[in-house]
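Everything on this sheet refers to the single structure shown next.
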Amino acid sequence: MKLFLPPLEIADDEGFTPEKDIFRRKAIGDGLTNLVTSVDQPLVIALDAQWGSGKSTFLKMWAGELRKQEIGVVLFDAFENDYLEDAFTAIAGQIVSLAKDKNKAQEGRVQRFAQRAYDAGKIVARSGLKVGIKAATVGALGAEDFKDIAKELASEASSLGDKYLGEAITKQKEQKAIIEEFREALSQLPSLLSPLQTEAKDAPQKPLVIIIDELDRCRPSFALEILERIKHFFAVPNVHFVLGVHIGQMENSVKAAYGTDIDGRMYLQKFISLSVLLVDKKQDDGAYAPMRYAHWLANQLEIDAQDGDIYARFIGGIAMARHLSLRTLEKIFTNVAMTLAFSSPRTLRPAVIVAGLCVLRVTNPELYVLAKTGDLRWEEMHDKLALNRTLKENESLNLEYIREVWQYCTDFQMDHAKLQEMRREFSRYMVSGREGILPHVAGNVMDRFLPPS
């Protein structure tokens, strides 16, 4: 048995495979592909979903599908790069690296684009008086053309002051021309990365797609700077941005940067063309994403098949009723696996109790503490198990029985006949010496499964 979910390895050109596309999201990816390949106007698309919903995995798979169609794609992790001084050089460096890797036959044209990006990068850095760009930071861009920006700007640091501010006014026209040259060079890049085939000259030009993931996890100032740079420097035909983001969290970033009085959603609408919700519908086999993922987790963590099915259906039902994220499901199943590995196979550990306690431990730790001390009551936690709301999705589970077991554990409420029935069902787990049930997880409340005669 495993405690933690092994990392899901996705090759650059793998795309959506039946084994790894657990939630059958290929259709959403196909829709996005149709969108970015049929519209030449620059798009900024927000792939909107809460944290832990599988956005990063989806975007990696979709990037693979784009590469299989010979569409130029950059996958940029904003969270990993938010230590950089400026968002422009971070993104431009990634594009230059892609261009150099994709089309070595057009090295001259690629170099010209790199030079335009280099010149524009100097203007961006100067405009914010960011003269302290570290050579190590620039080196991380992966584009050799940016290596001299730090030295050149650092040499100017001592002479900026009022002189620079005065010259900036007179150089405005020159700087605008440099930026326009960069935008023109960028607009030609899609044809350089994905040239049209001779037999399909009338086909629409394939785009350049820049995927920016984890935008809602990076520094608020860096996240907003990325949006501003996209709008002012990268908005050219056939260059599209797709942002992996939770819009609600981005609204908080706007408020953190500009104050709580600003309308964050209205502000973001200035930069985002449209939003696509990453919402999973019920599949042909009748399973929603949390239920499907719960079964997959039980299998991946090698939980006993019979008990694993109960864990999956019970925890999956709770996840659907409470709208728990997929990442939260992972944490719950890690706790289940830890519990099973910690205790003896002969220990009394009914799945419905272990599952419920693991849910509480992750989502409601204050109630879990009450369970450990023996002070938990059914009234305090019954909606956390969401039994009524999970009934129609778990008809094969005896939820009335589950409710009675939990009420007995918390409130000692069960008639004699049902108590005897429960004891008979759990008798196979009993061992001599009153071992108890999961004392490391359940505490005193679980001892009530073995009450005095």
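Scheme for the structure tokens: letters A, B, ... for chains in order shown; per-chain residue numbers from 1; ligand numbers from 1 in order shown.
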* Got a sec: who's within 9 Å of region 360-364 of chain A, counting only C-alpha atoms, leaving out chain neighbours fewer than 5 positions off, as an NGL selection string? -> :A and (324 or 328 or 331-332 or 335 or 355 or 369 or 381 or 384-385 or 441)
Limited to N, CA and C atoms, could you put the picked residues into a file as a compact mmCIF listing (two decimals), in the first residue's frame?
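File produced: out.txt:
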# COMPACT_ATOMS: atom_id res chain seq x y z
N LEU A 324 -15.84 19.50 -2.48
CA LEU A 324 -14.44 19.46 -2.10
C LEU A 324 -13.57 19.38 -3.37
N THR A 328 -8.11 18.20 -2.13
CA THR A 328 -8.59 17.83 -0.80
C THR A 328 -8.88 16.33 -0.74
N LYS A 331 -5.71 14.46 -0.06
CA LYS A 331 -5.29 14.52 1.34
C LYS A 331 -6.12 13.57 2.20
N ILE A 332 -7.41 13.50 1.92
CA ILE A 332 -8.27 12.59 2.69
C ILE A 332 -7.82 11.15 2.49
N ASN A 335 -4.74 10.21 4.34
CA ASN A 335 -5.05 9.93 5.74
C ASN A 335 -5.65 8.53 5.90
N ALA A 355 -13.41 6.54 7.23
CA ALA A 355 -13.60 7.54 6.17
C ALA A 355 -14.10 8.85 6.74
N VAL A 369 -10.60 16.98 16.56
CA VAL A 369 -10.06 17.06 17.92
C VAL A 369 -11.12 16.63 18.93
N MET A 381 -21.72 17.44 13.74
CA MET A 381 -20.98 17.03 12.55
C MET A 381 -21.80 16.29 11.49
N LYS A 384 -21.49 17.46 7.98
CA LYS A 384 -20.16 17.30 7.38
C LYS A 384 -20.05 15.97 6.63
N LEU A 385 -20.84 14.99 7.04
CA LEU A 385 -20.88 13.73 6.30
C LEU A 385 -21.89 13.78 5.15
N VAL A 441 -6.09 7.67 15.62
CA VAL A 441 -6.93 8.55 14.83
C VAL A 441 -8.20 8.92 15.58
* Nearby residues (only C-alpha atoms) at most 12 Å from Gly64 (chain A), same-chain spacing under 2 positions excluded, as a ChimeraX atom specification -> /A:10-17,26,29-30,33,57-62,66-75,209,211
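With only C-alpha atoms as the atoms that count, the residue of A:Arg327, A:Arg112, A:Arg24, A:His240 with the shortest distance to Lys206 (chain A) is A:His240.
Shortest separation to Ile226 (chain A) among A:Phe88, A:Phe241, A:Phe333, A:Phe79 occurs at residue A:Phe88, atoms counted being only C-alpha atoms.
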Exercise: Lys270 (chain A) partners within 10 Å, only C-alpha atoms, chain neighbours under 5 positions left out, as a PDB file with N, CA and C atoms, in the first residue's frame:
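Saved the output as result-v9.pdb:
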ATOM      1  N   LEU A 227      -0.681  40.397 -16.621  1.00  0.00           N
ATOM      2  CA  LEU A 227      -1.868  40.806 -17.376  1.00  0.00           C
ATOM      3  C   LEU A 227      -1.615  42.116 -18.120  1.00  0.00           C
ATOM      4  N   GLU A 228      -0.964  43.051 -17.464  1.00  0.00           N
ATOM      5  CA  GLU A 228      -0.706  44.342 -18.102  1.00  0.00           C
ATOM      6  C   GLU A 228       0.277  44.201 -19.262  1.00  0.00           C
ATOM      7  N   LYS A 231      -1.448  42.738 -22.337  1.00  0.00           N
ATOM      8  CA  LYS A 231      -2.316  43.700 -23.027  1.00  0.00           C
ATOM      9  C   LYS A 231      -1.498  44.709 -23.835  1.00  0.00           C
ATOM     10  N   ARG A 265     -13.494  42.065 -10.238  1.00  0.00           N
ATOM     11  CA  ARG A 265     -13.984  41.389 -11.441  1.00  0.00           C
ATOM     12  C   ARG A 265     -14.051  42.351 -12.623  1.00  0.00           C
TER      13      ARG A 265
END
* To do: Can you pull out every residue within 9 Å of Ile123 (chain A), counting only C-alpha atoms, but drop anything in the same chain fewer than 6 positions away, and send it as number ranges by chain?
  => A: 175, 178-179
Selected residues written out with N, CA and C atoms, as a CSV table (one decimal), in the first residue's frame:
chain,number,residue,atom,x,y,z
A,175,GLN,N,11.0,55.1,-28.2
A,175,GLN,CA,10.7,53.9,-27.5
A,175,GLN,C,9.4,53.3,-28.0
A,178,ILE,N,10.2,51.3,-31.0
A,178,ILE,CA,10.8,50.0,-30.7
A,178,ILE,C,9.8,49.0,-30.2
A,179,ILE,N,8.9,49.4,-29.4
A,179,ILE,CA,7.8,48.5,-29.0
A,179,ILE,C,7.0,48.0,-30.2
* Which of region 248-329 of chain A DSSP labels alpha helix (DSSP H), written as a PyMOL selection string -> chain A and resi 248-258+264-269+289-300+305-322+326-329
Please dump the current selection as a compact mmCIF listing (two decimals), in the first residue's frame; keep N, CA and C atoms.
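Final output, out_29.txt:
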# COMPACT_ATOMS: atom_id res chain seq x y z
N GLY A 248 -11.74 34.03 -8.58
CA GLY A 248 -11.99 34.58 -7.26
C GLY A 248 -10.71 34.99 -6.55
N GLN A 249 -9.66 34.15 -6.68
CA GLN A 249 -8.38 34.49 -6.07
C GLN A 249 -7.71 35.66 -6.78
N MET A 250 -7.89 35.74 -8.09
CA MET A 250 -7.31 36.87 -8.82
C MET A 250 -7.98 38.18 -8.41
N GLU A 251 -9.27 38.12 -8.14
CA GLU A 251 -9.96 39.33 -7.65
C GLU A 251 -9.35 39.78 -6.32
N ASN A 252 -8.96 38.82 -5.49
CA ASN A 252 -8.30 39.17 -4.23
C ASN A 252 -6.94 39.81 -4.50
N SER A 253 -6.24 39.35 -5.54
CA SER A 253 -4.96 39.96 -5.89
C SER A 253 -5.14 41.40 -6.31
N VAL A 254 -6.21 41.67 -7.05
CA VAL A 254 -6.50 43.04 -7.47
C VAL A 254 -6.74 43.92 -6.24
N LYS A 255 -7.50 43.41 -5.30
CA LYS A 255 -7.79 44.18 -4.09
C LYS A 255 -6.53 44.39 -3.25
N ALA A 256 -5.66 43.37 -3.23
CA ALA A 256 -4.43 43.50 -2.46
C ALA A 256 -3.52 44.58 -3.05
N ALA A 257 -3.58 44.72 -4.38
CA ALA A 257 -2.71 45.69 -5.05
C ALA A 257 -3.29 47.09 -5.08
N TYR A 258 -4.62 47.20 -5.22
CA TYR A 258 -5.22 48.51 -5.46
C TYR A 258 -6.24 48.94 -4.40
N GLY A 264 -12.81 44.05 -8.32
CA GLY A 264 -11.80 43.18 -8.90
C GLY A 264 -12.25 42.52 -10.19
N ARG A 265 -13.49 42.06 -10.24
CA ARG A 265 -13.98 41.39 -11.44
C ARG A 265 -14.05 42.35 -12.62
N MET A 266 -14.49 43.58 -12.38
CA MET A 266 -14.55 44.57 -13.44
C MET A 266 -13.15 44.91 -13.96
N TYR A 267 -12.19 44.98 -13.04
CA TYR A 267 -10.81 45.27 -13.43
C TYR A 267 -10.26 44.16 -14.33
N LEU A 268 -10.50 42.91 -13.96
CA LEU A 268 -9.97 41.78 -14.74
C LEU A 268 -10.59 41.71 -16.13
N GLN A 269 -11.82 42.19 -16.27
CA GLN A 269 -12.48 42.15 -17.58
C GLN A 269 -11.75 43.00 -18.61
N ALA A 289 -16.83 13.74 -11.40
CA ALA A 289 -15.38 13.79 -11.24
C ALA A 289 -14.92 13.37 -9.84
N PRO A 290 -15.49 13.90 -8.74
CA PRO A 290 -15.00 13.49 -7.42
C PRO A 290 -15.16 11.99 -7.17
N MET A 291 -16.29 11.41 -7.62
CA MET A 291 -16.51 9.99 -7.41
C MET A 291 -15.51 9.16 -8.23
N ARG A 292 -15.31 9.58 -9.47
CA ARG A 292 -14.35 8.87 -10.33
C ARG A 292 -12.94 8.97 -9.74
N TYR A 293 -12.60 10.16 -9.25
CA TYR A 293 -11.26 10.37 -8.70
C TYR A 293 -11.09 9.59 -7.40
N ALA A 294 -12.13 9.49 -6.60
CA ALA A 294 -12.05 8.74 -5.35
C ALA A 294 -11.73 7.27 -5.63
N HIS A 295 -12.39 6.69 -6.60
CA HIS A 295 -12.11 5.29 -6.96
C HIS A 295 -10.69 5.16 -7.50
N TRP A 296 -10.26 6.13 -8.30
CA TRP A 296 -8.91 6.08 -8.86
C TRP A 296 -7.86 6.19 -7.74
N LEU A 297 -8.11 7.05 -6.76
CA LEU A 297 -7.17 7.21 -5.65
C LEU A 297 -7.08 5.92 -4.83
N ALA A 298 -8.22 5.31 -4.55
CA ALA A 298 -8.21 4.07 -3.78
C ALA A 298 -7.39 3.00 -4.50
N ASN A 299 -7.50 2.97 -5.81
CA ASN A 299 -6.75 1.99 -6.59
C ASN A 299 -5.26 2.34 -6.61
N GLN A 300 -4.93 3.61 -6.83
CA GLN A 300 -3.53 4.02 -6.90
C GLN A 300 -2.80 3.82 -5.57
N ALA A 305 -9.41 -3.89 -2.14
CA ALA A 305 -10.44 -3.63 -3.14
C ALA A 305 -11.83 -3.47 -2.53
N GLN A 306 -12.20 -4.37 -1.60
CA GLN A 306 -13.55 -4.31 -1.04
C GLN A 306 -13.73 -3.06 -0.19
N ASP A 307 -12.81 -2.84 0.73
CA ASP A 307 -12.89 -1.63 1.55
C ASP A 307 -12.67 -0.38 0.71
N GLY A 308 -11.78 -0.48 -0.28
CA GLY A 308 -11.50 0.68 -1.13
C GLY A 308 -12.73 1.16 -1.86
N ASP A 309 -13.59 0.23 -2.25
CA ASP A 309 -14.82 0.62 -2.93
C ASP A 309 -15.74 1.39 -1.98
N ILE A 310 -15.80 0.95 -0.72
CA ILE A 310 -16.63 1.65 0.26
C ILE A 310 -16.05 3.04 0.53
N TYR A 311 -14.73 3.11 0.73
CA TYR A 311 -14.10 4.41 0.95
C TYR A 311 -14.38 5.35 -0.22
N ALA A 312 -14.24 4.83 -1.43
CA ALA A 312 -14.41 5.68 -2.61
C ALA A 312 -15.83 6.20 -2.71
N ARG A 313 -16.81 5.31 -2.51
CA ARG A 313 -18.20 5.75 -2.67
C ARG A 313 -18.63 6.70 -1.54
N PHE A 314 -18.19 6.41 -0.33
CA PHE A 314 -18.57 7.24 0.81
C PHE A 314 -17.89 8.61 0.74
N ILE A 315 -16.55 8.61 0.58
CA ILE A 315 -15.81 9.88 0.54
C ILE A 315 -16.12 10.64 -0.74
N GLY A 316 -16.28 9.92 -1.85
CA GLY A 316 -16.64 10.58 -3.10
C GLY A 316 -17.98 11.27 -3.01
N GLY A 317 -18.95 10.62 -2.33
CA GLY A 317 -20.26 11.24 -2.14
C GLY A 317 -20.18 12.49 -1.29
N ILE A 318 -19.39 12.44 -0.22
CA ILE A 318 -19.20 13.62 0.62
C ILE A 318 -18.55 14.74 -0.19
N ALA A 319 -17.56 14.39 -1.00
CA ALA A 319 -16.85 15.40 -1.81
C ALA A 319 -17.80 16.10 -2.77
N MET A 320 -18.71 15.33 -3.39
CA MET A 320 -19.68 15.94 -4.30
C MET A 320 -20.64 16.85 -3.55
N ALA A 321 -21.12 16.37 -2.41
CA ALA A 321 -22.10 17.15 -1.65
C ALA A 321 -21.49 18.43 -1.10
N ARG A 322 -20.21 18.38 -0.71
CA ARG A 322 -19.56 19.54 -0.10
C ARG A 322 -18.69 20.31 -1.08
N LEU A 326 -10.31 18.34 -5.77
CA LEU A 326 -9.62 17.08 -6.00
C LEU A 326 -8.38 16.97 -5.12
N ARG A 327 -7.73 18.09 -4.87
CA ARG A 327 -6.55 18.07 -4.00
C ARG A 327 -6.95 17.72 -2.57
N THR A 328 -8.11 18.20 -2.13
CA THR A 328 -8.59 17.83 -0.80
C THR A 328 -8.88 16.33 -0.74
N LEU A 329 -9.44 15.78 -1.82
CA LEU A 329 -9.66 14.34 -1.88
C LEU A 329 -8.35 13.56 -1.71
